[in-house]
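So the structure is just underneath, and the comments pick up after that.
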Amino acid sequence: MIIGHIGARRGSKGVPGKNFRTLCGKPLIDWSLDQLLENPRIDVVVVSTDSPEMYDHAVAKGALDIGMRPDRLATDDAPKWGVWQHSLAAAEALAGAASAFVDLDCTSPLRLMEDLDGAIDLFQTKAPDMVMSCCHARKNPYFNMVEADDSGALHVSKPLPGGVWARQNAPDVYEHAASTYVLRPGYLRDASSIYEGRVIPFLMPPERCMDVDDPLDWKIVQFLMKDRLNGAT
C-alpha cells in the first residue's frame, strides 16, 4: 500500500496564505493533491495541516480523516521529518501498513504526473531508503561557487587538485528540489533526519522544480503554469 501525503501549514511569511491561495483557477494545494488523488498507484491520501479550512477541503476531496496537525508540528521551525512521521503513524493506524510513503510539496505545483510515477518507479527498482527530487545545480562548488577566507579573498568552495577550468569537467552536483519524495516506511519511522540512510536523486527538469517561497516565485510559477495550460511548449 502506498500512502500519498501533502503537508500544508496555514501560515507563510513569504507569501501569506499561499497554500490555499488560488493559482490559475484552483488552490495551490490542489495542484499536488489532485495528482495524488488521481494516481491509481496511490492507495491512501493524507493531508497534514493546522488549517481547518484546508483540512475540511482535503477530506471533502477524498483525503483520509487523520485529524489536524498537532500544535508542536505547526510552528515555523517544525521539521518536515517530524510531520512525515506523525502522518505515517496516523495513516497506518487507519489504513494498515504501508509499503511506501510519497510526499508531494504543495509549494511545487509544476511537477507532472510522469514525475510522480518516475519517482515511484525509481524507488521500486532501486529499493533505497528514500528517493528525493533533484535537478542539476545551476552553480557548481567545484567551478563557479566561491567563498571568502579570513582575509576576505575569494576561493572556489570545493577546490580540486589542478583546478577545474570548464564547467563540463566539474563533478555533477544537484539542487535539492522540494517537490517529490518517496520513502521506505521503516526508514521514516526509525531515522531522525533525511540523510541517515541511502537517499538517491530523482532528476527533474529545473522548470518543474520551481518552489514558491516569496512573491517573485509566485509570479514565475504562475507565468509557467499559464504557459502550460495555454499549450505552450
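Letters A, B, ... go to the chains of the C-alpha cells in the order shown; residues in each chain start at 1; ligands are counted from 1 in the same order.
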
Would you return as a ChimeraX atom specification the members of segment 65-182 of chain A that DSSP assigns to alpha helix (DSSP H) on this structure's backbone? /A:80-95,113-126

Would you save the residues of that selection, restricted to N, CA and C atoms, as a short mmCIF file (atom, residue, chain, number, x, y, z; two decimals), in the first residue's frame?
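Result saved to again11.cif:
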```cif
data_model
loop_
_atom_site.label_atom_id
_atom_site.label_comp_id
_atom_site.auth_asym_id
_atom_site.auth_seq_id
_atom_site.Cartn_x
_atom_site.Cartn_y
_atom_site.Cartn_z
N LYS A 80 10.17 18.98 8.79
CA LYS A 80 9.37 18.19 7.85
C LYS A 80 9.37 16.72 8.27
N TRP A 81 10.53 16.25 8.77
CA TRP A 81 10.65 14.84 9.13
C TRP A 81 9.63 14.45 10.21
N GLY A 82 9.47 15.31 11.22
CA GLY A 82 8.51 15.04 12.27
C GLY A 82 7.08 15.02 11.77
N VAL A 83 6.77 15.91 10.82
CA VAL A 83 5.44 15.94 10.21
C VAL A 83 5.19 14.64 9.47
N TRP A 84 6.19 14.19 8.71
CA TRP A 84 6.06 12.93 7.97
C TRP A 84 5.82 11.76 8.92
N GLN A 85 6.60 11.69 10.00
CA GLN A 85 6.47 10.58 10.94
C GLN A 85 5.08 10.55 11.56
N HIS A 86 4.57 11.73 11.94
CA HIS A 86 3.23 11.80 12.52
C HIS A 86 2.18 11.35 11.52
N SER A 87 2.30 11.81 10.27
CA SER A 87 1.32 11.46 9.25
C SER A 87 1.35 9.98 8.92
N LEU A 88 2.54 9.40 8.85
CA LEU A 88 2.66 7.97 8.59
C LEU A 88 1.96 7.17 9.68
N ALA A 89 2.24 7.50 10.93
CA ALA A 89 1.63 6.77 12.04
C ALA A 89 0.11 6.90 12.03
N ALA A 90 -0.37 8.11 11.78
CA ALA A 90 -1.82 8.34 11.77
C ALA A 90 -2.49 7.60 10.62
N ALA A 91 -1.86 7.60 9.45
CA ALA A 91 -2.43 6.93 8.29
C ALA A 91 -2.43 5.41 8.46
N GLU A 92 -1.31 4.87 8.98
CA GLU A 92 -1.24 3.42 9.15
C GLU A 92 -2.20 2.93 10.23
N ALA A 93 -2.48 3.76 11.22
CA ALA A 93 -3.43 3.38 12.26
C ALA A 93 -4.83 3.16 11.68
N LEU A 94 -5.14 3.87 10.60
CA LEU A 94 -6.46 3.77 9.99
C LEU A 94 -6.49 2.84 8.78
N ALA A 95 -5.39 2.79 8.04
CA ALA A 95 -5.42 2.10 6.75
C ALA A 95 -4.53 0.87 6.67
N MET A 113 2.46 14.46 -13.70
CA MET A 113 2.15 13.11 -13.22
C MET A 113 3.27 12.14 -13.56
N GLU A 114 3.94 12.37 -14.67
CA GLU A 114 5.06 11.49 -15.05
C GLU A 114 6.22 11.60 -14.06
N ASP A 115 6.36 12.74 -13.39
CA ASP A 115 7.39 12.89 -12.37
C ASP A 115 7.04 12.04 -11.15
N LEU A 116 5.79 12.08 -10.74
CA LEU A 116 5.35 11.26 -9.62
C LEU A 116 5.55 9.78 -9.93
N ASP A 117 5.14 9.35 -11.11
CA ASP A 117 5.31 7.95 -11.48
C ASP A 117 6.79 7.58 -11.59
N GLY A 118 7.59 8.49 -12.13
CA GLY A 118 9.01 8.21 -12.27
C GLY A 118 9.70 8.03 -10.93
N ALA A 119 9.32 8.84 -9.94
CA ALA A 119 9.91 8.72 -8.61
C ALA A 119 9.52 7.39 -7.96
N ILE A 120 8.27 6.99 -8.12
CA ILE A 120 7.83 5.70 -7.57
C ILE A 120 8.53 4.55 -8.28
N ASP A 121 8.67 4.64 -9.60
CA ASP A 121 9.37 3.60 -10.36
C ASP A 121 10.81 3.45 -9.87
N LEU A 122 11.49 4.57 -9.67
CA LEU A 122 12.88 4.54 -9.21
C LEU A 122 12.98 3.90 -7.82
N PHE A 123 12.06 4.25 -6.94
CA PHE A 123 12.03 3.68 -5.60
C PHE A 123 11.84 2.16 -5.65
N GLN A 124 10.92 1.71 -6.48
CA GLN A 124 10.63 0.29 -6.56
C GLN A 124 11.74 -0.49 -7.25
N THR A 125 12.46 0.16 -8.16
CA THR A 125 13.53 -0.51 -8.89
C THR A 125 14.82 -0.58 -8.08
N LYS A 126 15.19 0.52 -7.46
CA LYS A 126 16.48 0.63 -6.76
C LYS A 126 16.40 0.28 -5.28
#
```

Using only C-alpha atoms, which protein or nucleic acid residues come within 9 Å of Leu203 of chain A? Drop anything in the same chain fewer than 5 positions from it, and give the result as a ChimeraX atom specification. /A:115,119,132-136,174

Output all heavy atoms of each residue in that selection to a file, as an mmCIF file, in the first residue's frame.
```cif
data_model
loop_
_atom_site.group_PDB
_atom_site.id
_atom_site.type_symbol
_atom_site.label_atom_id
_atom_site.label_comp_id
_atom_site.auth_asym_id
_atom_site.auth_seq_id
_atom_site.Cartn_x
_atom_site.Cartn_y
_atom_site.Cartn_z
ATOM 1 N N ASP A 115 6.358 12.744 -13.394
ATOM 2 C CA ASP A 115 7.390 12.886 -12.373
ATOM 3 C C ASP A 115 7.043 12.037 -11.150
ATOM 4 O O ASP A 115 7.914 11.359 -10.584
ATOM 5 C CB ASP A 115 7.560 14.349 -11.972
ATOM 6 C CG ASP A 115 8.010 15.224 -13.126
ATOM 7 O OD1 ASP A 115 8.899 14.793 -13.875
ATOM 8 O OD2 ASP A 115 7.460 16.328 -13.273
ATOM 9 N N ALA A 119 9.320 8.837 -9.943
ATOM 10 C CA ALA A 119 9.912 8.719 -8.612
ATOM 11 C C ALA A 119 9.521 7.392 -7.955
ATOM 12 O O ALA A 119 10.351 6.732 -7.316
ATOM 13 C CB ALA A 119 9.482 9.892 -7.738
ATOM 14 N N MET A 132 14.628 11.301 -3.546
ATOM 15 C CA MET A 132 14.426 12.735 -3.336
ATOM 16 C C MET A 132 14.555 13.466 -4.668
ATOM 17 O O MET A 132 15.524 13.256 -5.401
ATOM 18 C CB MET A 132 15.460 13.269 -2.350
ATOM 19 C CG MET A 132 15.309 14.730 -2.010
ATOM 20 S SD MET A 132 16.434 15.225 -0.661
ATOM 21 C CE MET A 132 18.009 15.242 -1.522
ATOM 22 N N SER A 133 13.598 14.304 -4.984
ATOM 23 C CA SER A 133 13.654 15.054 -6.231
ATOM 24 C C SER A 133 14.825 16.033 -6.218
ATOM 25 O O SER A 133 15.101 16.691 -5.218
ATOM 26 C CB SER A 133 12.343 15.815 -6.465
ATOM 27 O OG SER A 133 12.014 16.616 -5.346
ATOM 28 N N CYS A 134 15.526 16.098 -7.342
ATOM 29 C CA CYS A 134 16.672 16.984 -7.517
ATOM 30 C C CYS A 134 16.676 17.494 -8.954
ATOM 31 O O CYS A 134 16.013 16.945 -9.831
ATOM 32 C CB CYS A 134 17.998 16.246 -7.270
ATOM 33 S SG CYS A 134 18.250 15.642 -5.600
ATOM 34 N N CYS A 135 17.441 18.544 -9.171
ATOM 35 C CA CYS A 135 17.744 18.980 -10.534
ATOM 36 C C CYS A 135 19.221 19.340 -10.573
ATOM 37 O O CYS A 135 19.852 19.550 -9.536
ATOM 38 C CB CYS A 135 16.875 20.160 -10.967
ATOM 39 S SG CYS A 135 17.034 21.648 -9.958
ATOM 40 N N HIS A 136 19.775 19.359 -11.775
ATOM 41 C CA HIS A 136 21.182 19.731 -11.893
ATOM 42 C C HIS A 136 21.367 21.167 -11.399
ATOM 43 O O HIS A 136 20.610 22.069 -11.759
ATOM 44 C CB HIS A 136 21.642 19.606 -13.351
ATOM 45 C CG HIS A 136 21.844 18.186 -13.783
ATOM 46 N ND1 HIS A 136 22.905 17.423 -13.363
ATOM 47 C CD2 HIS A 136 21.110 17.390 -14.595
ATOM 48 C CE1 HIS A 136 22.831 16.219 -13.894
ATOM 49 N NE2 HIS A 136 21.750 16.166 -14.645
ATOM 50 N N TYR A 174 23.888 18.454 -7.465
ATOM 51 C CA TYR A 174 22.451 18.614 -7.637
ATOM 52 C C TYR A 174 21.886 19.607 -6.637
ATOM 53 O O TYR A 174 22.418 19.769 -5.539
ATOM 54 C CB TYR A 174 21.736 17.272 -7.445
ATOM 55 C CG TYR A 174 22.292 16.149 -8.271
ATOM 56 C CD1 TYR A 174 22.947 15.076 -7.680
ATOM 57 C CD2 TYR A 174 22.167 16.156 -9.658
ATOM 58 C CE1 TYR A 174 23.467 14.037 -8.438
ATOM 59 C CE2 TYR A 174 22.675 15.129 -10.425
ATOM 60 C CZ TYR A 174 23.328 14.072 -9.812
ATOM 61 O OH TYR A 174 23.845 13.061 -10.566
#
```

Go through segment 7-83 of chain A and collect every residue that DSSP, computed from the backbone, puts in strand (DSSP E or B); the answer should be as a ChimeraX atom specification. /A:7,22-23,26-27,44-48

I need the residues from that last selection saved to file as a compact mmCIF listing (two decimals), in the first residue's frame (with C-alpha atoms), if you can.
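After the write, part30.txt holds the following:
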```
# COMPACT_ATOMS: atom_id res chain seq x y z
CA GLY A 7 1.96 18.92 4.20
CA THR A 22 -5.73 30.49 -5.90
CA LEU A 23 -3.20 29.74 -8.63
CA LYS A 26 -7.60 26.42 -8.06
CA PRO A 27 -5.92 26.48 -4.64
CA VAL A 44 -4.48 6.42 0.57
CA VAL A 45 -4.03 10.20 0.64
CA VAL A 46 -3.47 12.23 3.80
CA VAL A 47 -3.06 15.97 4.35
CA SER A 48 -1.24 17.32 7.39
```

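The coordinates place atom CA of Ser108 of chain A at 23.0 Å from atom CA of Pro185 of chain A.
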
Using only C-alpha atoms, which protein or nucleic acid residues come within 12 Å of segment 154-162 of chain A? Drop anything in the same chain fewer than 6 positions from it, and give the result as a list in words. Lys139, Asn140, Pro141, Tyr142, Phe143, Asn144, Met145, Val146, Glu147, Ala148, Asn169, Ala170, Pro171 and Val173 of chain A

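Pairwise distance (atom CA of Asp34 of chain A, atom CA of Ala78 of chain A) equals 25.3 Å.
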
All residues 12 Å or closer to Cys209 of chain A, only C-alpha atoms, same chain fewer than 3 positions away omitted, as JSON, numbers by chain: {"A": [104, 105, 106, 107, 108, 109, 110, 111, 112, 115, 132, 133, 134, 135, 136, 137, 175, 176, 177, 178, 179, 180, 202, 203, 204, 205, 206, 212, 217, 220, 221, 224]}

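With distances restricted to only C-alpha atoms, A:Gly62 is the closest residue to Leu33 of chain A from A:Gly186, A:Pro215, A:Gly62, A:Gly197.
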
Shortest contact to Met68 of chain A, candidates A:Ala191, A:Leu229, A:Ala100, A:Ala8, atoms counted only C-alpha atoms, goes to A:Ala8

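Computed from the coordinates, the atom CA of Leu216 of chain A to atom CA of Arg138 of chain A distance equals 18.5 Å.
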
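Distances from A:Met210, A:Leu37, A:Cys24, A:Leu183 to Lys61 of chain A were compared using only C-alpha atoms, and the smallest one belongs to A:Leu37.
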